[in-house]
Amino acid sequence: MFQNMEFRHLGRSGLMVSELAYGNWITHGSQIEEEAAAACVKAALDEGITTFDTADVYAGTRAEEVLGRALRGQRRESLEIFTKVYWPTGDGRNDRGLSRKHIFESIHGSLRRLGTDYVDLYQAHRFDHETPLEETLRAFDDLVRQGKVLYVGVSEWRAEEIARALKIADEMGLDRIVSNQPQYSMLWRVIESEVVPLSEREGVGQVVFSPLAQGVLTGKYVPGQAPPAGSRATDAEGGASVIKRVLREEVLTRVQRLRPIAEEAGLSMAQLAVAWVLQNPNVSSAIIGASRPEQVRDNARAAGVRLDPALLKRIDEVLEPVIERDPARTVSPPRRP
Ligand SMILES: NC(=O)c1ccc[n+]([C@@H]2O[C@H](COP(=O)([O-])OP(=O)(O)OC[C@H]3O[C@@H](n4cnc5c(N)ncnc54)[C@H](OP(=O)(O)O)[C@@H]3O)[C@@H](O)[C@H]2O)c1
């Protein structure tokens, strides 16, 4: 066992989280078998990862069950378990969104599936344009009072949406949002211009997802070649359709040019990508996915790595034409899905 995990505060809250979190979207209950899922969770724990991220909607609710079983027997106080609510978990018109009804029903399902009395962080998986924000925030606050949820966060919210929620919470004396979970990587930097400055002022931490751009930044997708067997790009069940938009020839070609930069830094490509997001002090934790335990071990070694400003500049020069920076790319569905 090799542990160099470091820990950060979740935003301005008192909660400490591991710099790397392990998330189970696409993998648990879907792409990989239960045994592989348990092995990834064990590898995460062995590397010192204490923070785990899931959602009610992942694998049609099966992902929470798989994670719950994989964590059974662990000391609950030594774990930070995060889940989310918003995307549909059933066919009913109330089985979605951020209404008081769905929030209460969904947390009860999540707690049952995860086999725990409380989650450390409960996140609004998107902004719900069909529910008054006051209703959502009051419902979250009630769950905090009931001890079922310790902290409240959001995911993929725009700066103005986060700002509105903070204002309402302050006016109504409700629990404040402590985190946002956005996509963030060397290739996808849309939070930098608006979400991060607001969050820094307000004490909101970013728990970022897809730091490897779903595996693309590991360099394993080589332009002009078929994707490696067993990779997300070959997962016809779900993964292939979501990774598709990043698998562009121009992106893959530029990513290959990061290889010598990683080598010079003494890092694997995956470690370079994860370390890159951790250089941003507003990032509380980077959620990595993994389909095999050796990936967890590889990625976990990005914890505590400091990257030289000259190296960061070279990364920018290589990737500049394929970097997305437009904050308008953060969009929640105008109507509930
Ligand atoms: N809030 C949201 O809306 C949202 C959205 C997406 C994700 N998330 C969260 O963020 C977590 C991570 O997202 P993600 O899975 O897209 O993150 P990611 O870390 O960018 O990609 C993970 C995938 O890359 C491949 N990989 C990982 N490490 C590797 C390595 N060292 N070498 C080669 N390949 C490697 C694996 O896929 P293969 O082996 O299959 O190729 C793995 O499943 C999710 O589980 C979820 O908790 C949240």
# chains A, B, ... in the order shown; residues from 1 in each chain; ligands from 1
$ closest_atom_pairs --of "region 12-94 of chain A" --to "region 215-234 of chain A" --cutoff "10 Å" --atoms "only C-alpha atoms" --output "JSON lines"
{"residue": "A:Ile26", "atom": "CA", "partner": "A:Arg232", "partner_atom": "CA", "distance": 8.5}
{"residue": "A:Thr27", "atom": "CA", "partner": "A:Arg232", "partner_atom": "CA", "distance": 9.0}
{"residue": "A:Gln31", "atom": "CA", "partner": "A:Arg232", "partner_atom": "CA", "distance": 8.2}
{"residue": "A:Ile32", "atom": "CA", "partner": "A:Gly230", "partner_atom": "CA", "distance": 9.5}
$ residues_around --residues "Val66 (chain A)" --least-positions-apart "6" --cutoff "7 Å" --atoms "only C-alpha atoms" --output "VMD selection string"
chain A and resid 28 to 29 34
$ residues_around --residues "Arg112 (chain A)" --least-positions-apart "3" --cutoff "12 Å" --atoms "only C-alpha atoms" --output "ChimeraX atom specification"
/A:56,61-62,64-69,105-109,115-119,148
$ select_by_dssp --residues "region 103-278 of chain A" --states "strand (DSSP E)" --output "list in words"
Val119, Asp120, Leu121, Tyr122, Gln123, Ala124, Val149, Leu150, Tyr151, Val152, Gly153, Val154, Ile177, Val178, Ser179, Asn180, Gly205, Gln206, Val207, Val208 and Phe209 of chain A
$ residues_around --residues "Leu121 (chain A)" --least-positions-apart "2" --cutoff "10 Å" --atoms "only C-alpha atoms" --output "ChimeraX atom specification"
/A:10,15,53,80-84,118-119,123,144,148-154,177-179
$ residues_around --residues "Ile287 (chain A)" --least-positions-apart "4" --cutoff "8 Å" --atoms "only C-alpha atoms" --output "ChimeraX atom specification"
/A:20-23,53,207-211
$ write_last_selection --atoms "C-alpha atoms" --output "mmCIF file, in the first residue's frame"
data_model
loop_
_atom_site.group_PDB
_atom_site.id
_atom_site.type_symbol
_atom_site.label_atom_id
_atom_site.label_comp_id
_atom_site.auth_asym_id
_atom_site.auth_seq_id
_atom_site.Cartn_x
_atom_site.Cartn_y
_atom_site.Cartn_z
ATOM 1 C CA LEU A 20 -9.130 12.654 -5.026
ATOM 2 C CA ALA A 21 -12.612 11.235 -4.765
ATOM 3 C CA TYR A 22 -13.787 8.040 -6.437
ATOM 4 C CA GLY A 23 -17.012 8.263 -8.469
ATOM 5 C CA ASP A 53 -19.416 10.209 -5.169
ATOM 6 C CA VAL A 207 -15.745 19.011 -6.528
ATOM 7 C CA VAL A 208 -14.786 18.534 -10.144
ATOM 8 C CA PHE A 209 -15.763 15.681 -12.427
ATOM 9 C CA SER A 210 -14.169 14.083 -15.497
ATOM 10 C CA PRO A 211 -10.669 15.453 -14.787
#
$ atom_distance --atom1 "CA of Asn4 (chain A)" --atom2 "CA of Ala300 (chain A)"
8.2 Å
$ closest_residue --among "A:Gln146, A:Thr54, A:Gln256, A:Ser193" --to "ligand 1" --atoms "only C-alpha atoms and all ligand atoms"
A:Thr54
$ select_by_dssp --residues "region 251-286 of chain A" --states "alpha helix (DSSP H)" --output "PyMOL selection string"
chain A and resi 251-256+259-265+269-278
$ atom_distance --atom1 "atom 23 (C, counted along the ligand's line) of ligand 1" --atom2 "CA of Ala59 (chain A)"
15.6 Å
$ atom_distance --atom1 "atom 25 (C, counted along the ligand's line) of ligand 1" --atom2 "CA of Glu77 (chain A)"
28.8 Å
$ decode --residues "region 236-273 of chain A" --atoms "N, CA and C atoms" --output "PDB file, in the first residue's frame"
ATOM      1  N   ALA A 236     -20.860  -0.036 -25.296  1.00  0.00           N
ATOM      2  CA  ALA A 236     -22.070   0.284 -26.063  1.00  0.00           C
ATOM      3  C   ALA A 236     -23.268   0.548 -25.155  1.00  0.00           C
ATOM      4  N   GLU A 237     -23.241   0.052 -23.925  1.00  0.00           N
ATOM      5  CA  GLU A 237     -24.352   0.221 -22.977  1.00  0.00           C
ATOM      6  C   GLU A 237     -24.614   1.683 -22.620  1.00  0.00           C
ATOM      7  N   GLY A 238     -23.574   2.512 -22.656  1.00  0.00           N
ATOM      8  CA  GLY A 238     -23.793   3.894 -22.224  1.00  0.00           C
ATOM      9  C   GLY A 238     -22.571   4.765 -22.446  1.00  0.00           C
ATOM     10  N   GLY A 239     -21.397   4.280 -22.028  1.00  0.00           N
ATOM     11  CA  GLY A 239     -20.183   5.087 -22.054  1.00  0.00           C
ATOM     12  C   GLY A 239     -19.845   5.629 -23.431  1.00  0.00           C
ATOM     13  N   ALA A 240     -19.987   4.779 -24.459  1.00  0.00           N
ATOM     14  CA  ALA A 240     -19.561   5.173 -25.813  1.00  0.00           C
ATOM     15  C   ALA A 240     -20.287   6.428 -26.292  1.00  0.00           C
ATOM     16  N   SER A 241     -21.572   6.537 -25.944  1.00  0.00           N
ATOM     17  CA  SER A 241     -22.331   7.682 -26.466  1.00  0.00           C
ATOM     18  C   SER A 241     -21.935   8.986 -25.757  1.00  0.00           C
ATOM     19  N   VAL A 242     -21.479   8.893 -24.494  1.00  0.00           N
ATOM     20  CA  VAL A 242     -21.131  10.152 -23.797  1.00  0.00           C
ATOM     21  C   VAL A 242     -19.697  10.609 -24.056  1.00  0.00           C
ATOM     22  N   ILE A 243     -18.810   9.676 -24.331  1.00  0.00           N
ATOM     23  CA  ILE A 243     -17.402  10.067 -24.552  1.00  0.00           C
ATOM     24  C   ILE A 243     -17.200  10.557 -25.995  1.00  0.00           C
ATOM     25  N   LYS A 244     -18.155  10.214 -26.848  1.00  0.00           N
ATOM     26  CA  LYS A 244     -18.052  10.484 -28.296  1.00  0.00           C
ATOM     27  C   LYS A 244     -17.645  11.922 -28.628  1.00  0.00           C
ATOM     28  N   ARG A 245     -18.282  12.884 -27.929  1.00  0.00           N
ATOM     29  CA  ARG A 245     -18.032  14.280 -28.319  1.00  0.00           C
ATOM     30  C   ARG A 245     -16.613  14.764 -27.986  1.00  0.00           C
ATOM     31  N   VAL A 246     -15.912  14.052 -27.104  1.00  0.00           N
ATOM     32  CA  VAL A 246     -14.524  14.455 -26.791  1.00  0.00           C
ATOM     33  C   VAL A 246     -13.537  13.738 -27.718  1.00  0.00           C
ATOM     34  N   LEU A 247     -13.974  12.647 -28.312  1.00  0.00           N
ATOM     35  CA  LEU A 247     -13.064  11.838 -29.135  1.00  0.00           C
ATOM     36  C   LEU A 247     -12.914  12.421 -30.540  1.00  0.00           C
ATOM     37  N   ARG A 248     -12.461  13.655 -30.598  1.00  0.00           N
ATOM     38  CA  ARG A 248     -12.267  14.304 -31.903  1.00  0.00           C
ATOM     39  C   ARG A 248     -10.798  14.226 -32.265  1.00  0.00           C
ATOM     40  N   GLU A 249     -10.556  13.976 -33.543  1.00  0.00           N
ATOM     41  CA  GLU A 249      -9.182  13.820 -34.061  1.00  0.00           C
ATOM     42  C   GLU A 249      -8.258  14.957 -33.576  1.00  0.00           C
ATOM     43  N   GLU A 250      -8.764  16.191 -33.682  1.00  0.00           N
ATOM     44  CA  GLU A 250      -7.935  17.343 -33.329  1.00  0.00           C
ATOM     45  C   GLU A 250      -7.555  17.315 -31.828  1.00  0.00           C
ATOM     46  N   VAL A 251      -8.518  16.886 -31.002  1.00  0.00           N
ATOM     47  CA  VAL A 251      -8.251  16.801 -29.561  1.00  0.00           C
ATOM     48  C   VAL A 251      -7.228  15.702 -29.297  1.00  0.00           C
ATOM     49  N   LEU A 252      -7.465  14.529 -29.894  1.00  0.00           N
ATOM     50  CA  LEU A 252      -6.582  13.380 -29.630  1.00  0.00           C
ATOM     51  C   LEU A 252      -5.148  13.669 -30.078  1.00  0.00           C
ATOM     52  N   THR A 253      -5.001  14.363 -31.190  1.00  0.00           N
ATOM     53  CA  THR A 253      -3.663  14.682 -31.698  1.00  0.00           C
ATOM     54  C   THR A 253      -2.931  15.583 -30.711  1.00  0.00           C
ATOM     55  N   ARG A 254      -3.629  16.591 -30.211  1.00  0.00           N
ATOM     56  CA  ARG A 254      -2.982  17.526 -29.274  1.00  0.00           C
ATOM     57  C   ARG A 254      -2.669  16.843 -27.949  1.00  0.00           C
ATOM     58  N   VAL A 255      -3.580  15.966 -27.505  1.00  0.00           N
ATOM     59  CA  VAL A 255      -3.333  15.261 -26.239  1.00  0.00           C
ATOM     60  C   VAL A 255      -2.035  14.449 -26.339  1.00  0.00           C
ATOM     61  N   GLN A 256      -1.776  13.840 -27.498  1.00  0.00           N
ATOM     62  CA  GLN A 256      -0.525  13.051 -27.639  1.00  0.00           C
ATOM     63  C   GLN A 256       0.701  13.937 -27.431  1.00  0.00           C
ATOM     64  N   ARG A 257       0.554  15.223 -27.740  1.00  0.00           N
ATOM     65  CA  ARG A 257       1.701  16.135 -27.589  1.00  0.00           C
ATOM     66  C   ARG A 257       1.981  16.483 -26.116  1.00  0.00           C
ATOM     67  N   LEU A 258       1.086  16.039 -25.211  1.00  0.00           N
ATOM     68  CA  LEU A 258       1.340  16.253 -23.777  1.00  0.00           C
ATOM     69  C   LEU A 258       2.282  15.188 -23.221  1.00  0.00           C
ATOM     70  N   ARG A 259       2.472  14.111 -23.988  1.00  0.00           N
ATOM     71  CA  ARG A 259       3.251  12.961 -23.484  1.00  0.00           C
ATOM     72  C   ARG A 259       4.660  13.368 -23.007  1.00  0.00           C
ATOM     73  N   PRO A 260       5.445  14.096 -23.825  1.00  0.00           N
ATOM     74  CA  PRO A 260       6.778  14.470 -23.333  1.00  0.00           C
ATOM     75  C   PRO A 260       6.739  15.386 -22.106  1.00  0.00           C
ATOM     76  N   ILE A 261       5.686  16.193 -21.997  1.00  0.00           N
ATOM     77  CA  ILE A 261       5.567  17.094 -20.838  1.00  0.00           C
ATOM     78  C   ILE A 261       5.356  16.254 -19.567  1.00  0.00           C
ATOM     79  N   ALA A 262       4.493  15.242 -19.672  1.00  0.00           N
ATOM     80  CA  ALA A 262       4.254  14.363 -18.520  1.00  0.00           C
ATOM     81  C   ALA A 262       5.544  13.626 -18.161  1.00  0.00           C
ATOM     82  N   GLU A 263       6.233  13.126 -19.175  1.00  0.00           N
ATOM     83  CA  GLU A 263       7.473  12.374 -18.916  1.00  0.00           C
ATOM     84  C   GLU A 263       8.503  13.235 -18.192  1.00  0.00           C
ATOM     85  N   GLU A 264       8.657  14.462 -18.679  1.00  0.00           N
ATOM     86  CA  GLU A 264       9.624  15.363 -18.028  1.00  0.00           C
ATOM     87  C   GLU A 264       9.268  15.620 -16.565  1.00  0.00           C
ATOM     88  N   ALA A 265       7.955  15.677 -16.294  1.00  0.00           N
ATOM     89  CA  ALA A 265       7.521  15.934 -14.911  1.00  0.00           C
ATOM     90  C   ALA A 265       7.572  14.664 -14.071  1.00  0.00           C
ATOM     91  N   GLY A 266       7.871  13.542 -14.712  1.00  0.00           N
ATOM     92  CA  GLY A 266       7.932  12.261 -13.984  1.00  0.00           C
ATOM     93  C   GLY A 266       6.557  11.744 -13.609  1.00  0.00           C
ATOM     94  N   LEU A 267       5.572  12.098 -14.439  1.00  0.00           N
ATOM     95  CA  LEU A 267       4.189  11.702 -14.145  1.00  0.00           C
ATOM     96  C   LEU A 267       3.607  10.905 -15.301  1.00  0.00           C
ATOM     97  N   SER A 268       2.620  10.063 -15.011  1.00  0.00           N
ATOM     98  CA  SER A 268       1.864   9.447 -16.098  1.00  0.00           C
ATOM     99  C   SER A 268       0.949  10.528 -16.671  1.00  0.00           C
ATOM    100  N   MET A 269       0.427  10.296 -17.845  1.00  0.00           N
ATOM    101  CA  MET A 269      -0.502  11.268 -18.450  1.00  0.00           C
ATOM    102  C   MET A 269      -1.711  11.484 -17.532  1.00  0.00           C
ATOM    103  N   ALA A 270      -2.218  10.394 -16.944  1.00  0.00           N
ATOM    104  CA  ALA A 270      -3.390  10.513 -16.057  1.00  0.00           C
ATOM    105  C   ALA A 270      -3.039  11.370 -14.837  1.00  0.00           C
ATOM    106  N   GLN A 271      -1.858  11.122 -14.274  1.00  0.00           N
ATOM    107  CA  GLN A 271      -1.463  11.910 -13.094  1.00  0.00           C
ATOM    108  C   GLN A 271      -1.324  13.397 -13.439  1.00  0.00           C
ATOM    109  N   LEU A 272      -0.773  13.673 -14.622  1.00  0.00           N
ATOM    110  CA  LEU A 272      -0.631  15.074 -15.035  1.00  0.00           C
ATOM    111  C   LEU A 272      -2.005  15.749 -15.112  1.00  0.00           C
ATOM    112  N   ALA A 273      -2.966  15.028 -15.699  1.00  0.00           N
ATOM    113  CA  ALA A 273      -4.310  15.611 -15.877  1.00  0.00           C
ATOM    114  C   ALA A 273      -4.996  15.849 -14.536  1.00  0.00           C
TER     115      ALA A 273
END
